[in-house]
file query.cif (mmCIF, C-alpha atoms)
data_coords
loop_
_atom_site.group_PDB
_atom_site.id
_atom_site.type_symbol
_atom_site.label_atom_id
_atom_site.label_comp_id
_atom_site.auth_asym_id
_atom_site.auth_seq_id
_atom_site.Cartn_x
_atom_site.Cartn_y
_atom_site.Cartn_z
ATOM 1 C CA MET A 1 -192.847 -0.227 -100.258
ATOM 2 C CA THR A 2 -194.235 -3.420 -101.807
ATOM 3 C CA HIS A 3 -192.269 -5.912 -103.927
ATOM 4 C CA PHE A 4 -194.111 -4.735 -107.040
ATOM 5 C CA GLU A 5 -193.361 -1.065 -106.382
ATOM 6 C CA ALA A 6 -189.684 -1.874 -105.804
ATOM 7 C CA MET A 7 -189.583 -3.879 -109.053
ATOM 8 C CA VAL A 8 -191.214 -1.074 -111.053
ATOM 9 C CA LEU A 9 -188.827 1.499 -109.548
ATOM 10 C CA PHE A 10 -185.837 -0.735 -110.309
ATOM 11 C CA SER A 11 -187.056 -1.326 -113.886
ATOM 12 C CA LEU A 12 -187.614 2.391 -114.436
ATOM 13 C CA LEU A 13 -184.177 3.476 -113.208
ATOM 14 C CA VAL A 14 -182.262 0.715 -115.012
ATOM 15 C CA SER A 15 -184.136 1.242 -118.284
ATOM 16 C CA ILE A 16 -183.374 4.993 -118.173
ATOM 17 C CA ALA A 17 -179.676 4.213 -117.589
ATOM 18 C CA PHE A 18 -179.602 1.614 -120.399
ATOM 19 C CA ALA A 19 -181.313 3.980 -122.826
ATOM 20 C CA THR A 20 -178.920 6.806 -121.938
ATOM 21 C CA LEU A 21 -175.789 4.648 -122.279
ATOM 22 C CA SER A 22 -176.875 2.673 -125.349
ATOM 23 C CA SER A 23 -174.419 2.710 -128.264
ATOM 24 C CA ASP A 24 -176.894 1.421 -130.832
ATOM 25 C CA HIS A 25 -179.492 4.152 -130.343
ATOM 26 C CA ARG A 26 -178.153 7.564 -131.296
ATOM 27 C CA THR A 27 -181.103 9.938 -131.500
ATOM 28 C CA THR A 28 -183.306 10.986 -128.585
ATOM 29 C CA ALA A 29 -186.383 9.343 -130.151
ATOM 30 C CA GLU A 30 -184.524 6.030 -130.560
ATOM 31 C CA ARG A 31 -183.318 6.158 -126.950
ATOM 32 C CA VAL A 32 -186.789 6.886 -125.563
ATOM 33 C CA LYS A 33 -188.258 4.011 -127.600
ATOM 34 C CA TYR A 34 -185.505 1.637 -126.453
ATOM 35 C CA GLY A 35 -185.911 2.702 -122.793
ATOM 36 C CA ALA A 36 -189.669 2.105 -122.944
ATOM 37 C CA LYS A 37 -189.069 -1.335 -124.490
ATOM 38 C CA VAL A 38 -186.523 -2.320 -121.802
ATOM 39 C CA PHE A 39 -188.900 -1.106 -119.052
ATOM 40 C CA ALA A 40 -191.784 -3.133 -120.517
ATOM 41 C CA TYR A 41 -189.559 -6.243 -120.753
ATOM 42 C CA PHE A 42 -188.403 -5.869 -117.130
ATOM 43 C CA VAL A 43 -191.915 -5.470 -115.725
ATOM 44 C CA GLY A 44 -193.438 -8.027 -118.109
ATOM 45 C CA PHE A 45 -190.892 -10.759 -117.368
ATOM 46 C CA GLY A 46 -191.054 -9.936 -113.648
ATOM 47 C CA LEU A 47 -194.817 -10.500 -113.652
ATOM 48 C CA ILE A 48 -194.525 -13.700 -115.723
ATOM 49 C CA LEU A 49 -191.866 -15.110 -113.382
ATOM 50 C CA ALA A 50 -193.916 -14.148 -110.317
ATOM 51 C CA TRP A 51 -196.952 -15.877 -111.837
ATOM 52 C CA ILE A 52 -194.901 -19.027 -112.588
ATOM 53 C CA PHE A 53 -193.322 -19.119 -109.111
ATOM 54 C CA TYR A 54 -196.548 -18.312 -107.214
ATOM 55 C CA PRO A 55 -197.831 -21.927 -106.848
ATOM 56 C CA LEU A 56 -194.411 -23.331 -105.889
ATOM 57 C CA PRO A 57 -194.208 -24.337 -102.203
ATOM 58 C CA PHE A 58 -190.604 -23.094 -101.654
ATOM 59 C CA MET B 1 -172.354 19.668 -127.729
ATOM 60 C CA PHE B 2 -175.410 20.451 -125.620
ATOM 61 C CA ASN B 3 -177.359 21.222 -128.779
ATOM 62 C CA THR B 4 -176.417 17.996 -130.542
ATOM 63 C CA GLU B 5 -177.609 16.012 -127.525
ATOM 64 C CA THR B 6 -181.006 17.658 -127.302
ATOM 65 C CA SER B 7 -181.773 18.194 -130.976
ATOM 66 C CA GLY B 8 -182.543 14.538 -131.608
ATOM 67 C CA GLU B 9 -179.923 14.403 -134.384
ATOM 68 C CA ALA B 10 -177.191 11.751 -134.232
ATOM 69 C CA ALA B 11 -173.876 13.465 -133.387
ATOM 70 C CA ILE B 12 -170.590 12.562 -135.112
ATOM 71 C CA PRO B 13 -168.029 10.951 -132.723
ATOM 72 C CA THR B 14 -165.033 13.231 -132.102
ATOM 73 C CA PRO B 15 -162.121 11.991 -129.963
ATOM 74 C CA VAL B 16 -160.719 14.226 -127.211
ATOM 75 C CA SER B 17 -157.190 14.195 -125.740
ATOM 76 C CA ILE B 18 -155.919 11.221 -123.694
ATOM 77 C CA GLY B 19 -155.576 13.499 -120.654
ATOM 78 C CA ARG B 20 -159.194 14.640 -120.825
ATOM 79 C CA THR B 21 -160.373 11.053 -121.362
ATOM 80 C CA THR B 22 -158.398 9.923 -118.290
ATOM 81 C CA ILE B 23 -159.801 12.800 -116.208
ATOM 82 C CA ALA B 24 -163.317 11.908 -117.401
ATOM 83 C CA CYS B 25 -162.890 8.254 -116.357
ATOM 84 C CA ILE B 26 -161.539 9.242 -112.921
ATOM 85 C CA ALA B 27 -164.315 11.836 -112.515
ATOM 86 C CA ALA B 28 -166.931 9.188 -113.349
ATOM 87 C CA LEU B 29 -165.613 7.132 -110.429
ATOM 88 C CA ILE B 30 -165.639 10.121 -108.076
ATOM 89 C CA LEU B 31 -169.261 11.071 -108.696
ATOM 90 C CA PRO B 32 -171.741 9.323 -111.054
ATOM 91 C CA GLY B 33 -172.242 11.353 -114.224
ATOM 92 C CA LEU B 34 -169.255 13.638 -113.622
ATOM 93 C CA GLY B 35 -167.245 11.908 -116.378
ATOM 94 C CA HIS B 36 -169.825 12.841 -118.990
ATOM 95 C CA LEU B 37 -169.935 16.418 -117.694
ATOM 96 C CA VAL B 38 -166.136 16.653 -118.127
ATOM 97 C CA LEU B 39 -166.628 15.586 -121.755
ATOM 98 C CA GLY B 40 -169.361 18.204 -122.264
ATOM 99 C CA LYS B 41 -172.188 15.650 -122.415
ATOM 100 C CA TRP B 42 -174.402 17.652 -120.074
ATOM 101 C CA VAL B 43 -177.751 15.942 -120.614
ATOM 102 C CA ARG B 44 -176.294 12.435 -120.454
ATOM 103 C CA GLY B 45 -174.191 13.339 -117.400
ATOM 104 C CA VAL B 46 -177.133 14.768 -115.464
ATOM 105 C CA ILE B 47 -179.434 11.827 -116.305
ATOM 106 C CA ILE B 48 -176.782 9.232 -115.410
ATOM 107 C CA GLY B 49 -175.843 11.118 -112.242
ATOM 108 C CA LEU B 50 -179.449 11.374 -111.058
ATOM 109 C CA VAL B 51 -180.371 7.778 -111.912
ATOM 110 C CA ILE B 52 -177.313 6.154 -110.315
ATOM 111 C CA SER B 53 -177.401 8.423 -107.250
ATOM 112 C CA ALA B 54 -181.126 7.689 -106.840
ATOM 113 C CA MET B 55 -180.436 3.944 -106.960
ATOM 114 C CA PHE B 56 -177.651 4.279 -104.380
ATOM 115 C CA ILE B 57 -179.784 6.368 -101.991
ATOM 116 C CA LEU B 58 -182.867 4.167 -102.495
ATOM 117 C CA GLY B 59 -180.714 1.133 -101.679
ATOM 118 C CA PHE B 60 -180.062 2.579 -98.227
ATOM 119 C CA ILE B 61 -183.678 3.731 -97.766
ATOM 120 C CA MET B 62 -184.713 0.112 -98.448
ATOM 121 C CA GLU B 63 -182.368 -0.954 -95.604
ATOM 122 C CA GLY B 64 -179.800 -2.516 -97.932
ATOM 123 C CA HIS B 65 -176.117 -2.660 -97.001
ATOM 124 C CA LEU B 66 -172.744 -2.427 -98.713
ATOM 125 C CA TYR B 67 -170.438 -5.444 -98.865
ATOM 126 C CA LYS B 68 -166.783 -5.668 -97.990
ATOM 127 C CA PRO B 69 -164.573 -8.612 -98.998
ATOM 128 C CA GLU B 70 -164.437 -11.398 -96.404
ATOM 129 C CA ARG B 71 -161.627 -13.945 -96.514
ATOM 130 C CA ASN B 72 -163.760 -17.104 -96.304
ATOM 131 C CA GLU B 73 -166.813 -15.911 -98.201
ATOM 132 C CA TRP B 74 -166.018 -15.631 -101.901
ATOM 133 C CA LEU B 75 -169.459 -14.242 -102.794
ATOM 134 C CA THR B 76 -168.724 -11.107 -100.757
ATOM 135 C CA TRP B 77 -165.850 -10.408 -103.183
ATOM 136 C CA PHE B 78 -168.247 -10.413 -106.112
ATOM 137 C CA PHE B 79 -170.790 -8.144 -104.408
ATOM 138 C CA SER B 80 -168.005 -5.888 -103.092
ATOM 139 C CA PHE B 81 -166.720 -5.528 -106.659
ATOM 140 C CA LEU B 82 -170.177 -4.403 -107.793
ATOM 141 C CA ASN B 83 -170.486 -1.985 -104.841
ATOM 142 C CA ALA B 84 -166.984 -0.651 -105.552
ATOM 143 C CA GLY B 85 -168.193 0.428 -108.995
ATOM 144 C CA MET B 86 -169.667 3.472 -107.221
ATOM 145 C CA GLY B 87 -166.087 4.609 -106.698
ATOM 146 C CA LEU B 88 -165.497 7.319 -104.093
ATOM 147 C CA PRO B 89 -168.874 7.017 -102.284
ATOM 148 C CA TYR B 90 -168.150 3.308 -101.666
ATOM 149 C CA LEU B 91 -164.603 3.985 -100.465
ATOM 150 C CA VAL B 92 -165.844 6.699 -98.076
ATOM 151 C CA ALA B 93 -168.532 4.353 -96.717
ATOM 152 C CA LEU B 94 -165.961 1.576 -96.344
ATOM 153 C CA ALA B 95 -163.481 3.844 -94.514
ATOM 154 C CA ALA B 96 -166.182 5.204 -92.194
ATOM 155 C CA ASP B 97 -167.770 1.750 -91.734
ATOM 156 C CA TRP B 98 -171.061 3.316 -92.831
ATOM 157 C CA GLY B 99 -173.754 1.026 -94.223
ATOM 158 C CA ILE B 100 -171.519 -2.049 -94.042
ATOM 159 C CA GLN B 101 -172.678 -3.778 -90.848
ATOM 160 C CA VAL B 102 -176.024 -5.586 -90.948
ATOM 161 C CA GLN B 103 -178.379 -5.469 -87.954
ATOM 162 C CA PRO B 104 -180.763 -8.458 -87.471
ATOM 163 C CA GLU B 105 -183.873 -6.208 -87.630
ATOM 164 C CA GLN B 106 -182.522 -4.673 -90.850
ATOM 165 C CA ALA B 107 -182.100 -8.109 -92.489
ATOM 166 C CA ALA B 108 -185.669 -9.015 -91.516
ATOM 167 C CA LYS B 109 -187.150 -6.120 -93.527
ATOM 168 C CA VAL B 110 -189.075 -7.041 -96.711
ATOM 169 C CA THR B 111 -187.040 -4.609 -98.802
ATOM 170 C CA PHE B 112 -183.615 -5.694 -97.459
ATOM 171 C CA GLU B 113 -182.628 -7.774 -100.520
ATOM 172 C CA TYR B 114 -184.075 -5.157 -102.858
ATOM 173 C CA GLY B 115 -181.874 -2.583 -101.131
ATOM 174 C CA ASN B 116 -178.799 -4.769 -101.635
ATOM 175 C CA THR B 117 -179.716 -5.226 -105.298
ATOM 176 C CA PHE B 118 -180.178 -1.478 -105.801
ATOM 177 C CA LEU B 119 -176.744 -0.818 -104.249
ATOM 178 C CA CYS B 120 -174.995 -3.487 -106.351
ATOM 179 C CA VAL B 121 -176.694 -2.433 -109.596
ATOM 180 C CA ALA B 122 -175.904 1.249 -108.908
ATOM 181 C CA GLY B 123 -172.209 0.282 -108.791
ATOM 182 C CA ALA B 124 -172.484 -1.858 -111.932
ATOM 183 C CA LEU B 125 -174.234 0.951 -113.831
ATOM 184 C CA ASN B 126 -171.544 3.418 -112.758
ATOM 185 C CA MET B 127 -168.884 1.068 -114.172
ATOM 186 C CA LEU B 128 -170.892 1.006 -117.404
ATOM 187 C CA ALA B 129 -171.096 4.825 -117.337
ATOM 188 C CA THR B 130 -167.315 5.030 -116.829
ATOM 189 C CA MET B 131 -166.737 2.783 -119.856
ATOM 190 C CA ASP B 132 -169.204 4.926 -121.811
ATOM 191 C CA ALA B 133 -167.216 8.047 -120.873
ATOM 192 C CA TYR B 134 -164.048 6.281 -122.101
ATOM 193 C CA ASP B 135 -165.721 5.358 -125.412
ATOM 194 C CA ILE B 136 -166.819 8.974 -125.911
ATOM 195 C CA GLY B 137 -163.328 10.212 -125.024
ATOM 196 C CA VAL B 138 -161.566 8.000 -127.580
ATOM 197 C CA GLY B 139 -164.164 8.818 -130.243
ATOM 198 C CA ARG B 140 -165.759 5.405 -130.401
ATOM 199 C CA LYS B 141 -169.189 6.927 -129.846
ATOM 200 C CA ALA B 142 -170.746 10.390 -129.793
#
call {"tool": "encode", "arguments": {"input": "query.cif", "output": "structure tokens"}}
result
Amino acid sequence: MTHFEAMVLFSLLVSIAFATLSSDHRTTAERVKYGAKVFAYFVGFGLILAWIFYPLPF
Amino acid sequence: MFNTETSGEAAIPTPVSIGRTTIACIAALILPGLGHLVLGKWVRGVIIGLVISAMFILGFIMEGHLYKPERNEWLTWFFSFLNAGMGLPYLVALAADWGIQVQPEQAAKVTFEYGNTFLCVAGALNMLATMDAYDIGVGRKA
């Protein structure tokens, strides 16, 4: 398993849990939308951070 | 209750008895998702149970390990607290010394730290699920 695959898997599972447990999103449609948003944020920020850290020597 | 969860309509919060809420919280710490099942939240219970169990199992597949508190290493207390959020599975692993010890070849694996993260986050999510079960029990949320 690569780092990216592990990150995507982690993002997927955590976003499903967050969407399921959310108090602010009550209907199924709201939860699905929120879960997709959290997943996109996780993967997006992960890629941005990886891109920023890539040239660093440590 | 099953229908209100799957219909897409927002359900109205209804508190249950203190006894049932207590049983739900204990059940959530015995097996992930069981607390929601006790409260009749079948869909939520199954999703939470599958997601948290998957994270816990994947943590071991990725060669991660569980922490136990060490006297001189305060960080192990923090990670042990997160692992302990899994409840009974963590206590069983701790008692049987299963998945606690780290082998040098295990620590050298690329996915080792990912595995540790999966195990810690699985525990943290189960704590969140337990609090969610409590909130449903007292009628704070549907």
call {"tool": "resolve_selection", "arguments": {"input": "query.cif", "expression": "the PyMOL selection byres ((chain B) within 10 of (chain A))", "output": "ChimeraX atom specification"}}
result
/B:4-12,43-45,47-52,54-55,58,62,110-111,114-115,117-118,121-122,125-126,128-129,131-133,135,140-142
call {"tool": "atom_distance", "arguments": {"input": "query.cif", "atom1": "CA of Ile30 (chain B)", "atom2": "CA of Pro89 (chain B)"}}
result
7.3 Å
call {"tool": "atom_distance", "arguments": {"input": "query.cif", "atom1": "CA of Leu47 (chain A)", "atom2": "CA of Thr76 (chain B)"}}
result
29.1 Å
call {"tool": "resolve_selection", "arguments": {"input": "query.cif", "expression": "the PyMOL selection byres ((chain B and resi 17-27) around 12)", "output": "PyMOL selection string"}}
result
chain B and resi 14-16+28-41+45+49+85-88+126-140
call {"tool": "write_last_selection", "arguments": {"input": "query.cif", "atoms": "C-alpha atoms", "output": "mmCIF file, in the frame of the given file"}}
result
data_model
loop_
_atom_site.group_PDB
_atom_site.id
_atom_site.type_symbol
_atom_site.label_atom_id
_atom_site.label_comp_id
_atom_site.auth_asym_id
_atom_site.auth_seq_id
_atom_site.Cartn_x
_atom_site.Cartn_y
_atom_site.Cartn_z
ATOM 1 C CA THR B 14 -165.033 13.231 -132.102
ATOM 2 C CA PRO B 15 -162.121 11.991 -129.963
ATOM 3 C CA VAL B 16 -160.719 14.226 -127.211
ATOM 4 C CA ALA B 28 -166.931 9.188 -113.349
ATOM 5 C CA LEU B 29 -165.613 7.132 -110.429
ATOM 6 C CA ILE B 30 -165.639 10.121 -108.076
ATOM 7 C CA LEU B 31 -169.261 11.071 -108.696
ATOM 8 C CA PRO B 32 -171.741 9.323 -111.054
ATOM 9 C CA GLY B 33 -172.242 11.353 -114.224
ATOM 10 C CA LEU B 34 -169.255 13.638 -113.622
ATOM 11 C CA GLY B 35 -167.245 11.908 -116.378
ATOM 12 C CA HIS B 36 -169.825 12.841 -118.990
ATOM 13 C CA LEU B 37 -169.935 16.418 -117.694
ATOM 14 C CA VAL B 38 -166.136 16.653 -118.127
ATOM 15 C CA LEU B 39 -166.628 15.586 -121.755
ATOM 16 C CA GLY B 40 -169.361 18.204 -122.264
ATOM 17 C CA LYS B 41 -172.188 15.650 -122.415
ATOM 18 C CA GLY B 45 -174.191 13.339 -117.400
ATOM 19 C CA GLY B 49 -175.843 11.118 -112.242
ATOM 20 C CA GLY B 85 -168.193 0.428 -108.995
ATOM 21 C CA MET B 86 -169.667 3.472 -107.221
ATOM 22 C CA GLY B 87 -166.087 4.609 -106.698
ATOM 23 C CA LEU B 88 -165.497 7.319 -104.093
ATOM 24 C CA ASN B 126 -171.544 3.418 -112.758
ATOM 25 C CA MET B 127 -168.884 1.068 -114.172
ATOM 26 C CA LEU B 128 -170.892 1.006 -117.404
ATOM 27 C CA ALA B 129 -171.096 4.825 -117.337
ATOM 28 C CA THR B 130 -167.315 5.030 -116.829
ATOM 29 C CA MET B 131 -166.737 2.783 -119.856
ATOM 30 C CA ASP B 132 -169.204 4.926 -121.811
ATOM 31 C CA ALA B 133 -167.216 8.047 -120.873
ATOM 32 C CA TYR B 134 -164.048 6.281 -122.101
ATOM 33 C CA ASP B 135 -165.721 5.358 -125.412
ATOM 34 C CA ILE B 136 -166.819 8.974 -125.911
ATOM 35 C CA GLY B 137 -163.328 10.212 -125.024
ATOM 36 C CA VAL B 138 -161.566 8.000 -127.580
ATOM 37 C CA GLY B 139 -164.164 8.818 -130.243
ATOM 38 C CA ARG B 140 -165.759 5.405 -130.401
#
call {"tool": "residues_around", "arguments": {"input": "query.cif", "residues": "Glu113 (chain B)", "least_positions_apart": "4", "cutoff": "10 Å", "atoms": "all atoms listed in the file", "output": "PyMOL selection string"}}
result
chain B and resi 59+62-65+107-109+117-119
call {"tool": "write_last_selection", "arguments": {"input": "query.cif", "atoms": "C-alpha atoms", "output": "PDB file, in the coordinates of the input"}}
result
ATOM      1  CA  GLY B  59    -180.714   1.133-101.679  1.00  0.00           C
ATOM      2  CA  MET B  62    -184.713   0.112 -98.448  1.00  0.00           C
ATOM      3  CA  GLU B  63    -182.368  -0.954 -95.604  1.00  0.00           C
ATOM      4  CA  GLY B  64    -179.800  -2.516 -97.932  1.00  0.00           C
ATOM      5  CA  HIS B  65    -176.117  -2.660 -97.001  1.00  0.00           C
ATOM      6  CA  ALA B 107    -182.100  -8.109 -92.489  1.00  0.00           C
ATOM      7  CA  ALA B 108    -185.669  -9.015 -91.516  1.00  0.00           C
ATOM      8  CA  LYS B 109    -187.150  -6.120 -93.527  1.00  0.00           C
ATOM      9  CA  THR B 117    -179.716  -5.226-105.298  1.00  0.00           C
ATOM     10  CA  PHE B 118    -180.178  -1.478-105.801  1.00  0.00           C
ATOM     11  CA  LEU B 119    -176.744  -0.818-104.249  1.00  0.00           C
TER      12      LEU B 119
END
call {"tool": "atom_distance", "arguments": {"input": "query.cif", "atom1": "CA of Pro55 (chain A)", "atom2": "CA of Glu105 (chain B)"}}
result
28.5 Å
